[in-house]
$ cat my_file04.txt   # compact mmCIF, C-alpha atoms and all ligand atoms
# COMPACT_ATOMS: atom_id res chain seq x y z
CA MET A 478 -11.82 -35.02 44.20
CA ARG A 479 -8.59 -33.09 44.60
CA THR A 480 -7.01 -35.29 41.90
CA ARG A 481 -9.96 -34.66 39.60
CA ASN A 482 -9.75 -30.92 40.19
CA SER A 483 -6.03 -31.00 39.46
CA ILE A 484 -6.65 -32.88 36.23
CA MET A 485 -9.35 -30.40 35.21
CA MET A 486 -7.08 -27.48 36.01
CA LEU A 487 -4.27 -29.06 34.01
CA ALA A 488 -6.69 -29.62 31.12
CA SER A 489 -7.74 -25.98 31.28
CA ILE A 490 -4.15 -24.81 31.26
CA LEU A 491 -3.38 -27.05 28.29
CA SER A 492 -6.46 -25.74 26.46
CA LEU A 493 -5.41 -22.14 27.03
CA TRP A 494 -1.89 -22.98 25.89
CA ALA A 495 -3.27 -24.64 22.76
CA ILE A 496 -5.50 -21.63 21.99
CA ALA A 497 -2.61 -19.24 22.55
CA THR A 498 -0.40 -21.34 20.29
CA ILE A 499 -2.98 -21.51 17.52
CA ALA A 500 -3.83 -17.81 17.83
CA THR A 501 -0.19 -16.77 17.39
CA PRO A 502 0.37 -16.35 13.66
CA ALA A 503 3.55 -17.78 12.23
CA ASN A 504 3.80 -14.72 9.99
CA ALA A 505 2.82 -11.49 11.68
CA ALA A 506 1.08 -9.03 9.37
CA VAL A 507 1.40 -5.34 10.19
CA VAL A 508 -1.07 -2.89 8.73
CA LEU A 509 0.98 0.03 7.47
CA TYR A 510 -1.76 2.03 5.76
CA ASP A 511 -5.52 1.78 6.12
CA ILE A 512 -7.10 4.73 4.31
CA ASP A 513 -10.85 4.95 3.71
CA PHE A 514 -10.89 8.73 3.14
CA GLY A 515 -13.54 9.03 5.84
CA THR A 516 -14.10 12.08 8.04
CA PRO A 517 -12.04 12.69 10.08
CA PRO A 518 -9.26 13.10 9.12
CA HIS A 519 -10.39 13.63 5.53
CA THR A 520 -12.87 16.26 4.37
CA VAL A 521 -15.28 16.10 1.46
CA GLY A 522 -14.39 18.68 -1.16
CA SER A 523 -10.77 18.96 -0.03
CA PRO A 524 -7.51 17.23 -0.91
CA PRO A 525 -6.86 14.10 1.16
CA ALA A 526 -5.31 14.69 4.58
CA THR A 527 -1.54 14.15 4.61
CA GLY A 528 0.73 12.97 7.38
CA GLY A 529 3.13 10.37 8.70
CA GLY A 530 3.78 8.80 12.05
CA PRO A 531 3.46 5.25 13.30
CA PRO A 532 1.27 2.76 11.47
CA PRO A 533 -1.42 2.15 10.71
CA ARG A 534 -1.61 5.44 8.87
CA ASP A 535 -4.96 6.76 7.71
CA THR A 536 -3.58 9.55 5.56
CA VAL A 537 -1.50 9.75 2.41
CA THR A 538 2.07 10.99 2.76
CA SER A 539 1.88 13.70 0.15
CA ILE A 540 0.08 15.06 -2.87
CA ASN A 541 2.68 15.15 -5.60
CA PHE A 542 0.71 17.16 -8.13
CA GLY A 543 -2.76 18.07 -9.27
CA ASN A 544 -5.96 18.27 -7.30
CA PRO A 545 -7.00 14.83 -6.01
CA THR A 546 -10.19 15.45 -4.06
CA VAL A 547 -12.18 13.58 -1.42
CA VAL A 548 -15.77 13.36 -2.67
CA SER A 549 -18.95 12.05 -1.09
CA SER A 550 -19.33 9.63 -4.00
CA LEU A 551 -18.07 8.95 -7.50
CA GLY A 552 -20.35 6.76 -9.59
CA THR A 553 -20.58 3.38 -7.90
CA LEU A 554 -18.01 4.32 -5.24
CA THR A 555 -20.52 5.74 -2.79
CA ASP A 556 -18.61 5.68 0.51
CA GLN A 557 -16.49 8.82 0.29
CA PRO A 558 -13.68 7.87 -2.13
CA LEU A 559 -10.74 9.90 -3.44
CA GLU A 560 -11.28 11.29 -6.94
CA PHE A 561 -8.59 11.78 -9.58
CA ASP A 562 -8.99 13.47 -12.91
CA SER A 563 -6.66 14.46 -15.69
CA PHE A 564 -9.02 16.79 -17.52
CA ASP A 565 -7.33 19.75 -15.87
CA GLY A 566 -3.98 18.00 -15.47
CA GLY A 567 -3.09 14.76 -13.71
CA ASP A 568 -3.45 14.08 -10.01
CA GLN A 569 -1.12 11.96 -7.88
CA VAL A 570 -0.80 10.93 -4.23
CA GLU A 571 2.09 9.14 -2.54
CA LEU A 572 2.24 6.68 0.34
CA ASP A 573 5.77 6.30 1.70
CA LEU A 574 7.09 2.98 2.92
CA SER A 575 10.77 3.86 3.22
CA ASP A 576 10.23 5.64 6.55
CA LEU A 577 8.59 2.56 8.06
CA PRO A 578 10.13 -0.77 9.03
CA LEU A 579 10.86 -2.80 5.93
CA PHE A 580 9.46 -6.23 5.20
CA ASP A 581 10.14 -9.11 2.84
CA PHE A 582 6.48 -9.46 1.93
CA TYR A 583 3.88 -6.80 1.25
CA THR A 584 0.26 -6.70 0.21
CA THR A 585 -1.28 -3.65 -1.38
CA GLU A 586 -5.02 -3.52 -1.85
CA VAL A 587 -7.28 -0.85 -3.27
CA GLU A 588 -10.70 -0.47 -4.80
CA VAL A 589 -10.37 1.25 -8.18
CA LEU A 590 -13.08 2.82 -10.31
CA ILE A 591 -12.39 4.18 -13.77
CA GLU A 592 -15.45 6.34 -14.31
CA THR A 593 -14.66 7.77 -17.70
CA ARG A 594 -11.74 7.64 -20.06
CA THR A 595 -10.99 9.23 -23.40
CA ALA A 596 -8.05 9.43 -25.77
CA GLY A 597 -5.87 6.89 -24.02
CA GLY A 598 -6.16 8.42 -20.59
CA ARG A 599 -4.68 6.19 -17.92
CA PHE A 600 -4.79 5.46 -14.23
CA VAL A 601 -1.75 3.88 -12.59
CA ILE A 602 -0.82 2.19 -9.32
CA LEU A 603 2.94 2.59 -8.98
CA HIS A 604 5.11 0.51 -6.67
CA ASP A 605 8.41 2.36 -6.51
CA THR A 606 11.45 0.23 -5.78
CA THR A 607 13.35 3.29 -6.83
CA GLN A 608 12.34 1.96 -10.26
CA ILE A 609 8.62 1.64 -10.94
CA ARG A 610 6.46 -1.49 -11.00
CA ASN A 611 3.05 -0.51 -12.32
CA ILE A 612 -0.50 -1.73 -12.57
CA GLU A 613 -1.84 0.25 -15.51
CA PHE A 614 -5.45 0.97 -16.51
CA ILE A 615 -5.58 2.08 -20.15
CA ASP A 616 -8.44 1.82 -22.66
CA GLY A 617 -10.24 -0.97 -20.82
CA VAL A 618 -7.12 -3.08 -20.32
CA ILE A 619 -5.26 -3.70 -17.06
CA SER A 620 -1.54 -4.40 -17.48
CA VAL A 621 1.45 -5.01 -15.22
CA PHE A 622 4.76 -3.37 -15.97
CA VAL A 623 8.10 -4.38 -14.48
CA PRO A 624 11.20 -2.86 -16.11
CA GLY A 625 13.30 -5.52 -17.76
CA VAL A 626 10.57 -8.12 -17.32
CA THR A 627 7.41 -6.95 -19.06
CA ASP A 628 8.75 -4.19 -21.29
CA PRO A 629 7.66 -1.96 -22.86
CA LEU A 630 5.05 0.15 -21.09
CA PRO A 631 2.24 -0.50 -20.31
CA GLY A 632 3.51 -4.07 -19.91
CA THR A 633 1.67 -7.40 -19.99
CA PRO A 634 -2.15 -7.36 -20.17
CA ILE A 635 -3.69 -9.28 -17.27
CA GLY A 636 -7.36 -8.37 -17.51
CA ASN A 637 -10.00 -5.89 -18.50
CA TYR A 638 -12.07 -3.27 -16.75
CA THR A 639 -15.33 -1.59 -17.59
CA PRO A 640 -15.74 2.16 -16.98
CA GLY A 641 -18.22 2.66 -14.17
CA VAL A 642 -17.56 -0.75 -12.58
CA PRO A 643 -15.26 -0.81 -9.53
CA ILE A 644 -12.60 -3.48 -9.31
CA LEU A 645 -10.67 -4.71 -6.27
CA VAL A 646 -6.95 -4.81 -7.01
CA ARG A 647 -4.61 -6.65 -4.67
CA ALA A 648 -0.90 -7.26 -5.14
CA GLU A 649 1.00 -9.76 -3.01
CA ILE A 650 4.69 -9.00 -3.31
CA ASP A 651 7.33 -11.45 -2.11
CA LEU A 652 10.61 -9.58 -2.30
CA ALA A 653 12.64 -12.50 -0.94
CA ALA A 654 11.30 -14.82 -3.66
CA ASP A 655 11.27 -12.08 -6.34
CA ASN A 656 7.64 -12.74 -7.21
CA TRP A 657 4.44 -10.77 -7.20
CA GLU A 658 0.89 -11.91 -7.70
CA VAL A 659 -1.84 -9.54 -8.80
CA PHE A 660 -5.46 -10.37 -8.03
CA LEU A 661 -8.42 -8.70 -9.72
CA ASP A 662 -11.64 -9.06 -7.73
CA ASN A 663 -9.89 -11.78 -5.71
CA ILE A 664 -8.99 -13.85 -8.79
CA LEU A 665 -5.32 -14.42 -9.55
CA ALA A 666 -4.56 -12.56 -12.79
CA HIS A 667 -0.77 -12.45 -12.81
CA SER A 668 2.22 -14.08 -11.18
CA GLY A 669 5.76 -13.20 -12.15
CA SER A 670 9.10 -11.65 -11.35
CA PHE A 671 9.20 -8.36 -9.45
CA GLY A 672 12.39 -7.48 -11.29
CA GLY A 673 14.75 -8.37 -8.47
CA ALA A 674 13.71 -5.44 -6.27
CA THR A 675 14.77 -5.67 -2.63
CA GLU A 676 12.55 -2.97 -1.17
CA ILE A 677 9.46 -0.91 -1.90
CA VAL A 678 10.08 2.76 -1.29
CA MET A 679 6.57 4.06 -1.86
CA VAL A 680 3.23 3.38 -3.51
CA ARG A 681 1.61 6.04 -5.68
CA PHE A 682 -1.78 6.43 -7.33
CA SER A 683 -1.93 8.66 -10.38
CA THR A 684 -3.74 9.80 -13.45
CA ASP A 685 -1.86 10.89 -16.56
CA VAL A 686 1.36 12.71 -15.90
CA VAL A 687 1.84 13.74 -19.51
CA PRO A 688 -0.65 16.44 -20.53
CA LEU A 689 -3.39 15.22 -22.88
CA PRO A 690 -5.24 17.21 -25.53
CA PRO A 691 -7.76 19.63 -23.99
CA GLY A 692 -10.96 17.96 -22.91
CA THR A 693 -9.52 14.44 -22.80
CA GLY A 694 -8.31 12.37 -19.91
CA THR A 695 -9.44 10.04 -17.17
CA LEU A 696 -11.84 10.39 -14.26
CA ALA A 697 -11.11 7.77 -11.63
CA GLY A 698 -11.56 7.06 -7.95
CA ILE A 699 -10.03 4.88 -5.26
CA ASP A 700 -11.19 3.79 -1.83
CA ASN A 701 -10.16 1.49 1.01
CA VAL A 702 -6.40 1.46 0.50
CA ILE A 703 -4.75 -1.15 2.70
CA ILE A 704 -1.02 -1.87 2.72
CA THR A 705 0.40 -4.53 5.00
CA GLY A 706 3.88 -5.82 5.65
CA VAL A 707 4.36 -9.43 6.63
CA ALA A 708 7.45 -10.44 8.55
CA PRO A 709 8.29 -14.10 8.88
CA THR A 710 11.34 -12.88 10.76
CA PRO A 711 11.84 -9.59 12.63
CA ALA A 712 11.37 -6.71 10.25
CA ARG A 713 14.51 -5.31 8.75
CA ILE A 714 15.27 -1.76 9.71
CA ARG A 715 17.14 0.48 7.33
CA CYS A 716 19.95 2.07 9.32
CA SER A 717 21.72 3.59 6.35
CA PRO A 718 21.02 3.57 2.63
CA ARG A 719 23.13 0.46 2.06
CA ARG A 720 23.25 -1.36 5.37
CA TRP A 721 20.68 -3.51 7.11
CA ARG A 722 20.46 -4.54 10.69
CA THR A 723 17.90 -6.33 12.80
CA PRO A 724 17.99 -4.77 16.25
CA PRO A 725 17.03 -7.27 18.97
CA GLU A 726 14.54 -4.83 20.43
CA THR A 727 12.36 -5.01 17.34
CA ARG A 728 11.36 -8.50 18.42
CA ARG A 729 9.72 -7.14 21.54
CA ARG A 730 9.00 -3.48 21.06
CA SER A 731 5.99 -2.14 19.30
CA TRP A 732 5.80 1.10 17.40
CA PRO A 733 6.92 4.20 19.25
CA SER A 734 4.07 6.68 19.08
CA ALA A 735 5.02 9.74 21.05
CA THR A 736 8.49 10.29 19.69
CA TRP A 737 7.79 10.71 16.00
CA THR A 738 9.52 13.76 14.59
CA GLY A 739 10.39 12.40 11.16
CA SER A 740 9.82 14.61 8.21
CA THR A 741 6.95 13.83 5.87
CA ASP A 742 8.64 15.69 3.04
CA PRO A 743 9.31 13.03 0.37
CA THR A 744 12.35 14.93 -0.83
CA SER A 745 13.83 15.39 2.62
CA SER A 746 16.94 13.46 3.52
CA SER A 747 15.74 13.39 7.13
CA ARG A 748 12.64 11.42 6.24
CA THR A 749 13.68 8.45 8.36
CA GLY A 750 13.23 10.63 11.44
CA SER A 751 14.27 10.11 15.01
CA VAL A 752 12.24 6.95 15.46
CA MET A 753 14.22 4.97 12.93
CA THR A 754 17.46 6.53 14.05
CA SER A 755 16.86 5.64 17.66
CA ARG A 756 16.01 2.05 16.78
CA CYS A 757 19.14 1.59 14.69
CA THR A 758 21.67 2.81 17.22
CA CA B 801 -14.36 5.68 1.79
CA CA B 802 -6.81 17.01 -11.91
$ encode --input "my_file04.txt" --output "structure tokens"
Amino acid sequence: MRTRNSIMMLASILSLWAIATIATPANAAVVLYDIDFGTPPHTVGSPPATGGGPPPRDTVTSINFGNPTVVSSLGTLTDQPLEFDSFDGGDQVELDLSDLPLFDFYTTEVEVLIETRTAGGRFVILHDTTQIRNIEFIDGVISVFVPGVTDPLPGTPIGNYTPGVPILVRAEIDLAADNWEVFLDNILAHSGSFGGATEIVMVRFSTDVVPLPPGTGTLAGIDNVIITGVAPTPARIRCSPRRWRTPPETRRRSWPSATWTGSTDPTSSSRTGSVMTSRCT
């Protein structure tokens, strides 16, 4: 009986080991932003809440211009989205990635609704690598733009959209392989070079920057913004603008939460904050 119990115990241990092994992903995905514009921290009728701190973040980093507004609904986006319009001037929000650990692989996902458009008004998802890589919505056509790859703006058409019909846009960006894939409603619409970029500094959502004739422009909304970083190896930490290091502690330590003092000012040179500094020294 003792032998049988020992065998059963050994079998149990092996089962637990097998489960633990299977449950440990080879590539660990880290949710960096998960923004549904819900309350709190966001408020209907107000600009989106802004902030920084450890991921996952549920706020945008900054409002760069205009009056993006959290609304209870916009057309078929009925679960408290963020509204942009360019009738009274363009609106733009920014989600910083440069003050977070850097990854070789990112996914960006967002639900986009173009409610109305006139006179060439556009809505854009910008991936800034210092240079832009855009997903453009103009006159019913969705295009991808990578400088030097799909010139000129707005780039290569990859699909169409219908005003009033939301569309799920997901980009899977492999910086190490210099490739990005763009999915529209979960269907692969584009695969191509990311222009040799080695990092993504920020993601922005924007209506027209250039003023349009009075009374023309775009009314658009977004919801459920999710940005993840995937690290097949320990995430690279930027210790200085040109140098990279992989501190051993990043393999074991999770995100510091109580020590964040980094600036959320996108123009501030201290944006990396004490967290990044402390992990690079
Ligand atoms: Ca929402
Ligand atoms: Ca506006």
$ residues_near_ligand --input "my_file04.txt" --ligand "ligand CA 801 (chain B)" --cutoff "8 Å" --atoms "all atoms listed in the file" --output "PDB file with C-alpha atoms, keeping the file's coordinate frame"
ATOM      1  CA  ILE A 512      -7.100   4.730   4.310  1.00  0.00           C
ATOM      2  CA  ASP A 513     -10.850   4.950   3.710  1.00  0.00           C
ATOM      3  CA  PHE A 514     -10.890   8.730   3.140  1.00  0.00           C
ATOM      4  CA  GLY A 515     -13.540   9.030   5.840  1.00  0.00           C
ATOM      5  CA  THR A 555     -20.520   5.740  -2.790  1.00  0.00           C
ATOM      6  CA  ASP A 556     -18.610   5.680   0.510  1.00  0.00           C
ATOM      7  CA  GLN A 557     -16.490   8.820   0.290  1.00  0.00           C
ATOM      8  CA  PRO A 558     -13.680   7.870  -2.130  1.00  0.00           C
ATOM      9  CA  LEU A 559     -10.740   9.900  -3.440  1.00  0.00           C
ATOM     10  CA  ASP A 700     -11.190   3.790  -1.830  1.00  0.00           C
ATOM     11  CA  ASN A 701     -10.160   1.490   1.010  1.00  0.00           C
TER      12      ASN A 701
END
$ closest_residue --input "my_file04.txt" --among "A:Leu572, A:Leu665, A:Val547, A:Leu579" --to "Gly528 (chain A)" --atoms "all atoms listed in the file"
A:Leu572
$ closest_atom_pairs --input "my_file04.txt" --of "chain A" --to "ligand CA 802 (chain B)" --cutoff "10 Å" --atoms "only C-alpha atoms and all ligand atoms" --output "CSV"
residue,atom,partner,partner_atom,distance
A:Phe542,CA,B:CA802,CA,8.4
A:Gly543,CA,B:CA802,CA,4.9
A:Asn544,CA,B:CA802,CA,4.9
A:Pro545,CA,B:CA802,CA,6.3
A:Thr546,CA,B:CA802,CA,8.7
A:Glu560,CA,B:CA802,CA,8.8
A:Phe561,CA,B:CA802,CA,6.0
A:Asp562,CA,B:CA802,CA,4.3
A:Ser563,CA,B:CA802,CA,4.6
A:Phe564,CA,B:CA802,CA,6.0
A:Asp565,CA,B:CA802,CA,4.8
A:Gly566,CA,B:CA802,CA,4.7
A:Gly567,CA,B:CA802,CA,4.7
A:Asp568,CA,B:CA802,CA,4.8
A:Gln569,CA,B:CA802,CA,8.6
A:Ser683,CA,B:CA802,CA,9.8
A:Thr684,CA,B:CA802,CA,8.0
A:Asp685,CA,B:CA802,CA,9.1
A:Gly694,CA,B:CA802,CA,9.4
A:Thr695,CA,B:CA802,CA,9.1
A:Leu696,CA,B:CA802,CA,8.6
$ write_last_selection --input "my_file04.txt" --atoms "C-alpha atoms" --output "compact mmCIF listing (two decimals), in the coordinates of the input"
# COMPACT_ATOMS: atom_id res chain seq x y z
CA PHE A 542 0.71 17.16 -8.13
CA GLY A 543 -2.76 18.07 -9.27
CA ASN A 544 -5.96 18.27 -7.30
CA PRO A 545 -7.00 14.83 -6.01
CA THR A 546 -10.19 15.45 -4.06
CA GLU A 560 -11.28 11.29 -6.94
CA PHE A 561 -8.59 11.78 -9.58
CA ASP A 562 -8.99 13.47 -12.91
CA SER A 563 -6.66 14.46 -15.69
CA PHE A 564 -9.02 16.79 -17.52
CA ASP A 565 -7.33 19.75 -15.87
CA GLY A 566 -3.98 18.00 -15.47
CA GLY A 567 -3.09 14.76 -13.71
CA ASP A 568 -3.45 14.08 -10.01
CA GLN A 569 -1.12 11.96 -7.88
CA SER A 683 -1.93 8.66 -10.38
CA THR A 684 -3.74 9.80 -13.45
CA ASP A 685 -1.86 10.89 -16.56
CA GLY A 694 -8.31 12.37 -19.91
CA THR A 695 -9.44 10.04 -17.17
CA LEU A 696 -11.84 10.39 -14.26
$ atom_distance --input "my_file04.txt" --atom1 "CA of Asp628 (chain A)" --atom2 "CA of Ser670 (chain A)"
12.4 Å
$ atom_distance --input "my_file04.txt" --atom1 "CA of Ala666 (chain A)" --atom2 "CA of Pro634 (chain A)"
9.3 Å
$ atom_distance --input "my_file04.txt" --atom1 "CA of Ile619 (chain A)" --atom2 "CA of Ile602 (chain A)"
10.7 Å
$ closest_residue --input "my_file04.txt" --among "A:Val589, A:Val521, A:Ala697, A:Ile703" --to "Pro643 (chain A)" --atoms "all atoms listed in the file"
A:Val589
$ axis_aligned_box --input "my_file04.txt" --around "region 545-548 of chain A" --padding-each-side "6 Å" --output "AutoDock Vina command-line options"
--center_x -11.4 --center_y 14.4 --center_z -3.7 --size_x 20.8 --size_y 14.1 --size_z 16.6
$ residues_around --input "my_file04.txt" --residues "Val659 (chain A)" --least-positions-apart "3" --cutoff "10 Å" --atoms "all atoms listed in the file" --output "list in words"
Thr584, Thr585, Glu586, Ile612, Val621, Ile635, Val646, Arg647, Ala648, Glu649, Ile650, Asp662, Asn663, Ile664, Leu665, Ala666, His667, Ser668 and Gly669 of chain A
$ residues_near_point --input "my_file04.txt" --point "(-0.1, 5.8, -10.6)" --cutoff "6 Å" --atoms "all atoms listed in the file" --output "NGL selection string"
:A and (600-603 or 681-683)
$ closest_residue --input "my_file04.txt" --among "A:Gly598, A:Asp535, A:Thr516, A:Ser575" --to "Leu689 (chain A)" --atoms "all atoms listed in the file"
A:Gly598
$ decode --input "my_file04.txt" --residues "region 638-659 of chain A" --atoms "N, CA and C atoms" --output "mmCIF file, in the first residue's frame"
data_model
loop_
_atom_site.group_PDB
_atom_site.id
_atom_site.type_symbol
_atom_site.label_atom_id
_atom_site.label_comp_id
_atom_site.auth_asym_id
_atom_site.auth_seq_id
_atom_site.Cartn_x
_atom_site.Cartn_y
_atom_site.Cartn_z
ATOM 1 N N TYR A 638 -13.506 50.926 -44.890
ATOM 2 C CA TYR A 638 -14.390 51.035 -43.733
ATOM 3 C C TYR A 638 -15.664 51.746 -44.161
ATOM 4 N N THR A 639 -16.688 51.525 -43.386
ATOM 5 C CA THR A 639 -17.975 52.158 -43.643
ATOM 6 C C THR A 639 -18.311 53.065 -42.469
ATOM 7 N N PRO A 640 -18.571 54.361 -42.715
ATOM 8 C CA PRO A 640 -18.956 55.236 -41.612
ATOM 9 C C PRO A 640 -20.127 54.639 -40.835
ATOM 10 N N GLY A 641 -20.006 54.654 -39.529
ATOM 11 C CA GLY A 641 -21.060 54.122 -38.671
ATOM 12 C C GLY A 641 -20.845 52.685 -38.254
ATOM 13 N N VAL A 642 -19.855 52.010 -38.890
ATOM 14 C CA VAL A 642 -19.598 50.593 -38.580
ATOM 15 C C VAL A 642 -18.232 50.482 -37.892
ATOM 16 N N PRO A 643 -18.202 50.032 -36.631
ATOM 17 C CA PRO A 643 -16.917 49.920 -35.934
ATOM 18 C C PRO A 643 -16.061 48.817 -36.528
ATOM 19 N N ILE A 644 -14.760 48.989 -36.394
ATOM 20 C CA ILE A 644 -13.822 48.004 -36.930
ATOM 21 C C ILE A 644 -12.719 47.788 -35.896
ATOM 22 N N LEU A 645 -12.368 46.527 -35.681
ATOM 23 C CA LEU A 645 -11.301 46.192 -34.732
ATOM 24 C C LEU A 645 -9.973 46.195 -35.479
ATOM 25 N N VAL A 646 -9.067 47.042 -35.037
ATOM 26 C CA VAL A 646 -7.763 47.171 -35.685
ATOM 27 C C VAL A 646 -6.691 46.636 -34.739
ATOM 28 N N ARG A 647 -5.908 45.690 -35.219
ATOM 29 C CA ARG A 647 -4.824 45.164 -34.391
ATOM 30 C C ARG A 647 -3.543 45.113 -35.216
ATOM 31 N N ALA A 648 -2.484 45.665 -34.655
ATOM 32 C CA ALA A 648 -1.174 45.588 -35.294
ATOM 33 C C ALA A 648 -0.276 44.698 -34.448
ATOM 34 N N GLU A 649 0.426 43.791 -35.104
ATOM 35 C CA GLU A 649 1.420 42.951 -34.429
ATOM 36 C C GLU A 649 2.778 43.324 -35.013
ATOM 37 N N ILE A 650 3.604 43.907 -34.164
ATOM 38 C CA ILE A 650 4.837 44.549 -34.631
ATOM 39 C C ILE A 650 6.043 43.792 -34.100
ATOM 40 N N ASP A 651 6.805 43.216 -35.006
ATOM 41 C CA ASP A 651 8.008 42.458 -34.645
ATOM 42 C C ASP A 651 9.218 43.305 -35.011
ATOM 43 N N LEU A 652 9.733 44.035 -34.030
ATOM 44 C CA LEU A 652 10.854 44.936 -34.304
ATOM 45 C C LEU A 652 12.108 44.158 -34.682
ATOM 46 N N ALA A 653 12.323 43.016 -34.037
ATOM 47 C CA ALA A 653 13.532 42.231 -34.308
ATOM 48 C C ALA A 653 13.539 41.721 -35.744
ATOM 49 N N ALA A 654 12.359 41.371 -36.265
ATOM 50 C CA ALA A 654 12.253 40.847 -37.627
ATOM 51 C C ALA A 654 11.926 41.931 -38.643
ATOM 52 N N ASP A 655 11.766 43.183 -38.162
ATOM 53 C CA ASP A 655 11.369 44.300 -39.025
ATOM 54 C C ASP A 655 10.129 43.944 -39.854
ATOM 55 N N ASN A 656 9.065 43.578 -39.155
ATOM 56 C CA ASN A 656 7.821 43.237 -39.854
ATOM 57 C C ASN A 656 6.643 43.635 -38.981
ATOM 58 N N TRP A 657 5.614 44.154 -39.629
ATOM 59 C CA TRP A 657 4.363 44.315 -38.884
ATOM 60 C C TRP A 657 3.206 43.784 -39.690
ATOM 61 N N GLU A 658 2.249 43.230 -38.960
ATOM 62 C CA GLU A 658 1.035 42.707 -39.566
ATOM 63 C C GLU A 658 -0.130 43.494 -39.009
ATOM 64 N N VAL A 659 -1.030 43.890 -39.899
ATOM 65 C CA VAL A 659 -2.202 44.655 -39.486
ATOM 66 C C VAL A 659 -3.447 43.822 -39.782
#
